[in-house]
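A short worksheet on the structure shown next.
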Amino acid sequence: MVAAPRPAGKRAWGSPRVLLGLLLPFVLALIWEGAVRAGLAEGRLMPPPSRILATLQGLAATGELWTHALATLWRVLVGFAIGAAAGIVLGALSGAVEPVRRLIDPTLQALRAIPSIAWVPLFILWLGIFEASKVALIAVGVFFPVYLGVAGAILSVDRKLIEVGRMFRLSQGQLARRILLPAVLPATLISLRSGLGLGFMFVVAAEFMGASEGLGYLLVGGQQMGKPDQILAAIIAFALLGKAADSLLLLATNSLVRWQDTARERL
Amino acid sequence: MLTLEHLSKTYADGTRALSDVSLTVQPGEILALIGGSGCGKTTLLRLIAGLDRASAGTIRLDGEPISEPHRAVGLVFQEPRLLPWLSVADNVGFGLDGLPKAERRERIAHALDKVGLADHAGRWPRDLSGGQQQRVSIARAFVTNPKVLLLDEPFSALDAFTRASLHEHLLALWEETRPTVVLVTHDVAEAVTLADRVVVMRPKPGRVDDELPLGLARPRDRTGLPFEAATRRVMLALDQSLREPAPSGTRQRDQQAAALWW
């Protein structure tokens with residue numbers, strides 16, 4: 001049994017609200033294109049949209065774009081899976097079990113204060129220059145927001161709802177399954193989203209430190225060979241990939257938190 | 001039968017919330033606990049619910065001591081406290097987990113029908129008004145057929161019209177199985193509308209100040225003379241309990257005696 005569906009989310013595409021959001025980048029791109037065509041700007045360091053699109057098309061035609069995008073996506077996916085799984089498990093333990101929290105939380109908070117990029121030299125020494133060190137860096141970046149989000153969500157579960165569970169004499173296991181789990185789900189999903197965002201941030205850093213493929217490699221290559229259109233093409237690919245991954249995560253989990261009395265449906 | 005024997009509750013910070021409260025509530029009786037704020041009404045209810053432990057004294061339900069939530073005791077909180085991720089029907093059936101599906105569905109449907117929310121079974125709690133949410137919460141407590149139902153100012157946040165209609169829903173549900181009801185309230189009219197007996201409490205420390213059997217027949221005519229008289233009696237008792245404790249007669253006599261002795 002489900003409440004009447006709220007059409008707000010479904011109609012989003014093509015609605016004036018979305019078109020309004022597209023207006024600004026579209027107009028800016030048109031102005032830049034016009035300026036370069038009219039000879040007002042040279043467009044060598046800042047190529048016009050048409051040239052960036054042509055570069056993207058060229059990369060896609062040779063299959064290079066897909067190789068690089070897939071390599072990047074695979075790294076993010078593996079790193080995100082490891083980091084998120086560790087964050088959920090340790091966050092749940094830390095949030096639900098007081099002694100565990102006292103044991104691990106101070107150490108994790110201290111480690112969190114270290115900028116994740118600072119681990120790079122160590123990871124390269126430990127894990128080599130290839131995939132393992134990159135995935136490790138991404139996993140570390142994803143871990144902390146997920147850990148904090150899950151632990152915080154469990155600690156802030158409403159005592160009043162716990163009491164409802166006690167009144168119906170739920171066991172510890174039932175309490176966890178029937179009240180804690182659904183109550184922490186929204187905050188957990190938000191932390192997963194921010195974790196995924198950080199994953200894309202760190203994959204660039206990881207690919208900067210030496211890679212033979214990946215969108216980050218395209219970026220570095222564009223800089224070294226003086227091809228700004230390639231850099232911008234890679235940046236656009238990143239934007240599309242990141243947005244697509246985020247939307248996918250949102251879509252996959254939306255039905256779990258439909259009950260929420262919030263504005264999430266419009267985000 | 002619900003019996004409270006010499007119940008006391010002192011909180012960790014030394015506050016004496018309850019001191020030596022003894023009460024007996026008959027099966028099927030509706031008892032209203034009334035009193036100013038801080039007189040320990042809610043504390044008393046939480047002890048009977050088994051959510052808190054008494055510092056001294058015992059609570060028995062048909063002879064069986066209660067120290068933790070009991071199968072036969074239901075509680076309606078001051079706020080609806082519905083689980084926002086469950087539909088209205090699933091909220092009502094929250095305590096019916098062990099039952100076969102068909103019976104569970106039937107009992108949920110019946111309870112929802114009784115509180116007038118049969119059309120809302122599939123909705124989320126967020127889509128209901130405050131009064132509707134509280135009705136769901138009452139249905140959730142009744143659906144398990146408790147022997148004792150505790151109500152902690154469940155109507156205090158609602159407007160007068162909604163409150164009156166909820167009183168009717170509550171009595172309709174009570175008629176079916178006639179559980180013992182202990183109702184905490186600060187509303188005299190509510191106490192007189194619902195209760196067979198009113199217990200007036202006095203604060204610092206919380207204790208029983210007065211007991212008033214109302215002796216009104218049901219259904220009650222809220223405009224009739226007996227109703228008015230009962231209301232007046234409860235108000236007087238309540239006023240009495242809110243006044244600073246005057247030195248009692250015996251103590252005055254003792255003082256006079258002491259003066260004479262000198």
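Residue numbers start at 1 in each chain; chains themselves are named A, B, ... in the order of the structure tokens; ligands are numbered from 1 in the order shown.
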
**Prompt:** What lies within 8 Å of B:Gly131 using only C-alpha atoms, ignoring chain neighbours under 4 positions off, as number ranges by chain?
**Reply:** B: 135, 158, 162-163, 166

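With the cut-off set to 8 Å and only C-alpha atoms counted, chain B residues close to chain A are B:Ala49, B:Leu51, B:Pro69, B:His70, B:Arg71, B:Gly74, B:Leu75, B:Arg81, B:Leu82, B:Leu83, B:Pro84, B:Trp85, B:Leu86, B:Ser87, B:Gly95, B:Gly122, B:Arg123, B:Trp124, B:Arg126.
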
**Request:** Report the distance between atom CA of B:Ala102 and atom CA of B:Val88 in Å, rounded to one decimal place.
**Result:** 17.2 Å

**Item:** Surrounding residues of B:Val182 excluding itself and chain neighbours under 4 positions, 8 Å, only C-alpha atoms, as a PyMOL selection string
**Value:** chain B and resi 30-33+45+148-151

**Message:** Excluding A:Ser212 and its own-chain neighbours fewer than 2 positions away, which residues fall within 10 Å of it when counting only C-alpha atoms? Please give them as a ChimeraX atom specification.
**Reply:** /A:68,71,130,207,210,214-218,221

For the residues selected in the previous step, produce a file with C-alpha atoms as a short mmCIF file (atom, residue, chain, number, x, y, z; two decimals), in the first residue's frame.
```cif
data_model
loop_
_atom_site.label_atom_id
_atom_site.label_comp_id
_atom_site.auth_asym_id
_atom_site.auth_seq_id
_atom_site.Cartn_x
_atom_site.Cartn_y
_atom_site.Cartn_z
CA HIS A 68 39.53 6.58 -20.10
CA ALA A 71 39.09 3.25 -16.20
CA PHE A 130 49.39 1.01 -10.14
CA GLU A 207 45.30 9.75 -11.68
CA GLY A 210 50.84 8.64 -12.54
CA GLY A 214 41.72 7.54 -17.05
CA LEU A 215 40.14 10.96 -17.40
CA GLY A 216 42.76 12.39 -15.01
CA TYR A 217 45.43 11.14 -17.42
CA LEU A 218 43.66 13.02 -20.23
CA GLY A 221 48.20 14.97 -21.03
#
```

If we count only C-alpha atoms, what is near B:Leu61 at a cut-off of 10 Å, once residues fewer than 4 positions away on the same chain are taken out, given as a PDB file with N, CA and C atoms, in the first residue's frame?
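around_9.pdb, freshly written:
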```pdb
ATOM      1  N   MET B   1      -6.783  -6.689  37.963  1.00  0.00           N
ATOM      2  CA  MET B   1      -6.744  -5.521  38.843  1.00  0.00           C
ATOM      3  C   MET B   1      -5.320  -4.963  38.889  1.00  0.00           C
ATOM      4  N   LEU B   2      -5.227  -3.645  38.787  1.00  0.00           N
ATOM      5  CA  LEU B   2      -3.929  -2.984  38.820  1.00  0.00           C
ATOM      6  C   LEU B   2      -3.726  -2.386  40.209  1.00  0.00           C
ATOM      7  N   THR B   3      -2.663  -2.796  40.897  1.00  0.00           N
ATOM      8  CA  THR B   3      -2.428  -2.250  42.234  1.00  0.00           C
ATOM      9  C   THR B   3      -1.049  -1.614  42.314  1.00  0.00           C
ATOM     10  N   LEU B   4      -1.008  -0.415  42.890  1.00  0.00           N
ATOM     11  CA  LEU B   4       0.260   0.270  43.149  1.00  0.00           C
ATOM     12  C   LEU B   4       0.427   0.315  44.664  1.00  0.00           C
ATOM     13  N   VAL B  25      -6.763   0.057  40.910  1.00  0.00           N
ATOM     14  CA  VAL B  25      -7.664   0.342  39.796  1.00  0.00           C
ATOM     15  C   VAL B  25      -8.355  -0.953  39.407  1.00  0.00           C
ATOM     16  N   PRO B  27     -10.614  -3.711  37.224  1.00  0.00           N
ATOM     17  CA  PRO B  27     -10.690  -4.034  35.795  1.00  0.00           C
ATOM     18  C   PRO B  27     -11.819  -3.242  35.130  1.00  0.00           C
ATOM     19  N   ILE B  48       4.176   2.579  35.596  1.00  0.00           N
ATOM     20  CA  ILE B  48       3.214   1.514  35.302  1.00  0.00           C
ATOM     21  C   ILE B  48       3.526   0.897  33.940  1.00  0.00           C
ATOM     22  N   PRO B  65       4.059  -8.827  39.374  1.00  0.00           N
ATOM     23  CA  PRO B  65       4.781  -7.555  39.472  1.00  0.00           C
ATOM     24  C   PRO B  65       5.245  -7.049  38.101  1.00  0.00           C
ATOM     25  N   ILE B  66       5.207  -5.718  37.910  1.00  0.00           N
ATOM     26  CA  ILE B  66       5.623  -5.110  36.645  1.00  0.00           C
ATOM     27  C   ILE B  66       6.876  -4.288  36.886  1.00  0.00           C
ATOM     28  N   HIS B  70       5.109  -4.581  29.733  1.00  0.00           N
ATOM     29  CA  HIS B  70       4.350  -5.819  29.888  1.00  0.00           C
ATOM     30  C   HIS B  70       3.437  -5.998  28.687  1.00  0.00           C
ATOM     31  N   ALA B  72       0.484  -6.994  28.438  1.00  0.00           N
ATOM     32  CA  ALA B  72      -0.919  -6.614  28.621  1.00  0.00           C
ATOM     33  C   ALA B  72      -1.089  -5.135  28.946  1.00  0.00           C
ATOM     34  N   VAL B  73      -0.014  -4.368  28.864  1.00  0.00           N
ATOM     35  CA  VAL B  73      -0.106  -2.941  29.166  1.00  0.00           C
ATOM     36  C   VAL B  73       0.245  -2.142  27.914  1.00  0.00           C
ATOM     37  N   LYS B 147      -4.852  -5.289  28.665  1.00  0.00           N
ATOM     38  CA  LYS B 147      -5.718  -5.280  29.837  1.00  0.00           C
ATOM     39  C   LYS B 147      -5.712  -3.908  30.475  1.00  0.00           C
ATOM     40  N   VAL B 148      -4.571  -3.251  30.363  1.00  0.00           N
ATOM     41  CA  VAL B 148      -4.423  -1.913  30.939  1.00  0.00           C
ATOM     42  C   VAL B 148      -3.952  -0.978  29.845  1.00  0.00           C
TER      43      VAL B 148
END
```

**Prompt:** Near stretch 9-18 of chain B, counting only C-alpha atoms, which residues have an atom at most 6 Å away, once you skip same-chain residues fewer than 6 positions from it, shown as number ranges by chain?
**Reply:** B: 40, 54-55, 205-207

**Request:** Write out as JSON, numbers by chain the residues lying within 9 Å of stretch 235-245 of chain B, counting only C-alpha atoms and excluding same-chain residues fewer than 6 positions away.
**Result:** {"B": [34, 35, 36, 188, 200, 201, 202, 203, 209, 210, 211, 212]}

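The interatomic distance for the pair atom CA of A:Ile52 and atom CA of A:Ala233 works out to 5.8 Å.
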
**Prompt:** Can you list every residue in stretch 167-247 of chain B that DSSP puts in alpha helix (DSSP H), as a PyMOL selection string?
**Reply:** chain B and resi 167-177+188-194+225-242

With N, CA and C atoms retained, could you export that selection as a tab-separated table (two decimals), in the first residue's frame?
```tsv
chain	number	residue	atom	x	y	z
B	167	HIS	N	-12.45	11.89	22.20
B	167	HIS	CA	-13.03	11.27	23.40
B	167	HIS	C	-14.04	10.21	22.99
B	168	GLU	N	-14.85	10.52	21.97
B	168	GLU	CA	-15.85	9.56	21.52
B	168	GLU	C	-15.20	8.32	20.93
B	169	HIS	N	-14.16	8.54	20.08
B	169	HIS	CA	-13.45	7.39	19.50
B	169	HIS	C	-12.86	6.52	20.60
B	170	LEU	N	-12.30	7.17	21.61
B	170	LEU	CA	-11.66	6.44	22.70
B	170	LEU	C	-12.69	5.59	23.45
B	171	LEU	N	-13.84	6.19	23.76
B	171	LEU	CA	-14.86	5.45	24.49
B	171	LEU	C	-15.43	4.31	23.65
B	172	ALA	N	-15.54	4.54	22.33
B	172	ALA	CA	-16.04	3.48	21.45
B	172	ALA	C	-15.10	2.28	21.48
B	173	LEU	N	-13.80	2.55	21.44
B	173	LEU	CA	-12.83	1.46	21.50
B	173	LEU	C	-12.85	0.78	22.86
B	174	TRP	N	-12.99	1.57	23.91
B	174	TRP	CA	-12.98	1.04	25.27
B	174	TRP	C	-14.18	0.12	25.49
B	175	GLU	N	-15.34	0.50	24.92
B	175	GLU	CA	-16.56	-0.29	25.07
B	175	GLU	C	-16.35	-1.74	24.63
B	176	GLU	N	-15.51	-1.96	23.61
B	176	GLU	CA	-15.38	-3.29	23.03
B	176	GLU	C	-14.77	-4.30	23.98
B	177	THR	N	-13.65	-3.94	24.60
B	177	THR	CA	-12.95	-4.92	25.43
B	177	THR	C	-12.89	-4.48	26.89
B	188	VAL	N	-9.84	19.40	33.39
B	188	VAL	CA	-10.90	18.92	34.28
B	188	VAL	C	-12.07	18.36	33.47
B	189	ALA	N	-12.47	19.08	32.42
B	189	ALA	CA	-13.61	18.63	31.62
B	189	ALA	C	-13.32	17.26	31.01
B	190	GLU	N	-12.09	17.06	30.57
B	190	GLU	CA	-11.71	15.78	29.98
B	190	GLU	C	-11.82	14.66	31.02
B	191	ALA	N	-11.33	14.94	32.22
B	191	ALA	CA	-11.39	13.94	33.29
B	191	ALA	C	-12.84	13.57	33.59
B	192	VAL	N	-13.71	14.58	33.67
B	192	VAL	CA	-15.11	14.32	34.04
B	192	VAL	C	-15.84	13.64	32.87
B	193	THR	N	-15.44	13.95	31.63
B	193	THR	CA	-16.07	13.31	30.48
B	193	THR	C	-15.78	11.82	30.43
B	194	LEU	N	-14.55	11.45	30.79
B	194	LEU	CA	-14.12	10.07	30.54
B	194	LEU	C	-14.10	9.18	31.77
B	225	LEU	N	-26.91	18.68	34.88
B	225	LEU	CA	-26.52	19.13	36.22
B	225	LEU	C	-25.49	18.23	36.89
B	226	PRO	N	-25.67	16.88	36.84
B	226	PRO	CA	-24.70	16.01	37.51
B	226	PRO	C	-23.28	16.24	36.98
B	227	PHE	N	-23.19	16.45	35.65
B	227	PHE	CA	-21.88	16.68	35.04
B	227	PHE	C	-21.26	17.95	35.61
B	228	GLU	N	-22.09	19.00	35.69
B	228	GLU	CA	-21.58	20.27	36.23
B	228	GLU	C	-21.14	20.14	37.67
B	229	ALA	N	-21.93	19.42	38.43
B	229	ALA	CA	-21.60	19.25	39.84
B	229	ALA	C	-20.28	18.51	39.99
B	230	ALA	N	-20.12	17.45	39.18
B	230	ALA	CA	-18.88	16.68	39.25
B	230	ALA	C	-17.70	17.55	38.87
B	231	THR	N	-17.89	18.37	37.80
B	231	THR	CA	-16.81	19.26	37.37
B	231	THR	C	-16.41	20.19	38.51
B	232	ARG	N	-17.43	20.74	39.19
B	232	ARG	CA	-17.14	21.66	40.29
B	232	ARG	C	-16.35	20.96	41.40
B	233	ARG	N	-16.76	19.73	41.72
B	233	ARG	CA	-16.07	18.99	42.77
B	233	ARG	C	-14.60	18.78	42.42
B	234	VAL	N	-14.34	18.39	41.15
B	234	VAL	CA	-12.96	18.14	40.74
B	234	VAL	C	-12.16	19.43	40.78
B	235	MET	N	-12.79	20.52	40.33
B	235	MET	CA	-12.08	21.81	40.32
B	235	MET	C	-11.70	22.24	41.73
B	236	LEU	N	-12.65	22.06	42.65
B	236	LEU	CA	-12.36	22.44	44.03
B	236	LEU	C	-11.19	21.62	44.57
B	237	ALA	N	-11.22	20.32	44.32
B	237	ALA	CA	-10.14	19.46	44.81
B	237	ALA	C	-8.81	19.86	44.18
B	238	LEU	N	-8.88	20.22	42.88
B	238	LEU	CA	-7.66	20.61	42.18
B	238	LEU	C	-7.10	21.91	42.77
B	239	ASP	N	-7.99	22.88	43.01
B	239	ASP	CA	-7.58	24.15	43.62
B	239	ASP	C	-6.90	23.89	44.96
B	240	GLN	N	-7.55	23.03	45.73
B	240	GLN	CA	-7.01	22.67	47.04
B	240	GLN	C	-5.57	22.16	46.90
B	241	SER	N	-5.36	21.27	45.88
B	241	SER	CA	-4.05	20.65	45.75
B	241	SER	C	-3.00	21.64	45.28
B	242	LEU	N	-3.44	22.69	44.57
B	242	LEU	CA	-2.47	23.65	44.04
B	242	LEU	C	-2.06	24.67	45.08
```

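Each of B:Asn91, B:Thr223, B:Ser137, B:Gln78 was compared to B:Pro154 using only C-alpha atoms, and B:Gln78 turns out to be the nearest.
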
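For the pair atom CA of B:Ala195 and atom CA of B:Leu96, the interatomic distance is 28.3 Å.
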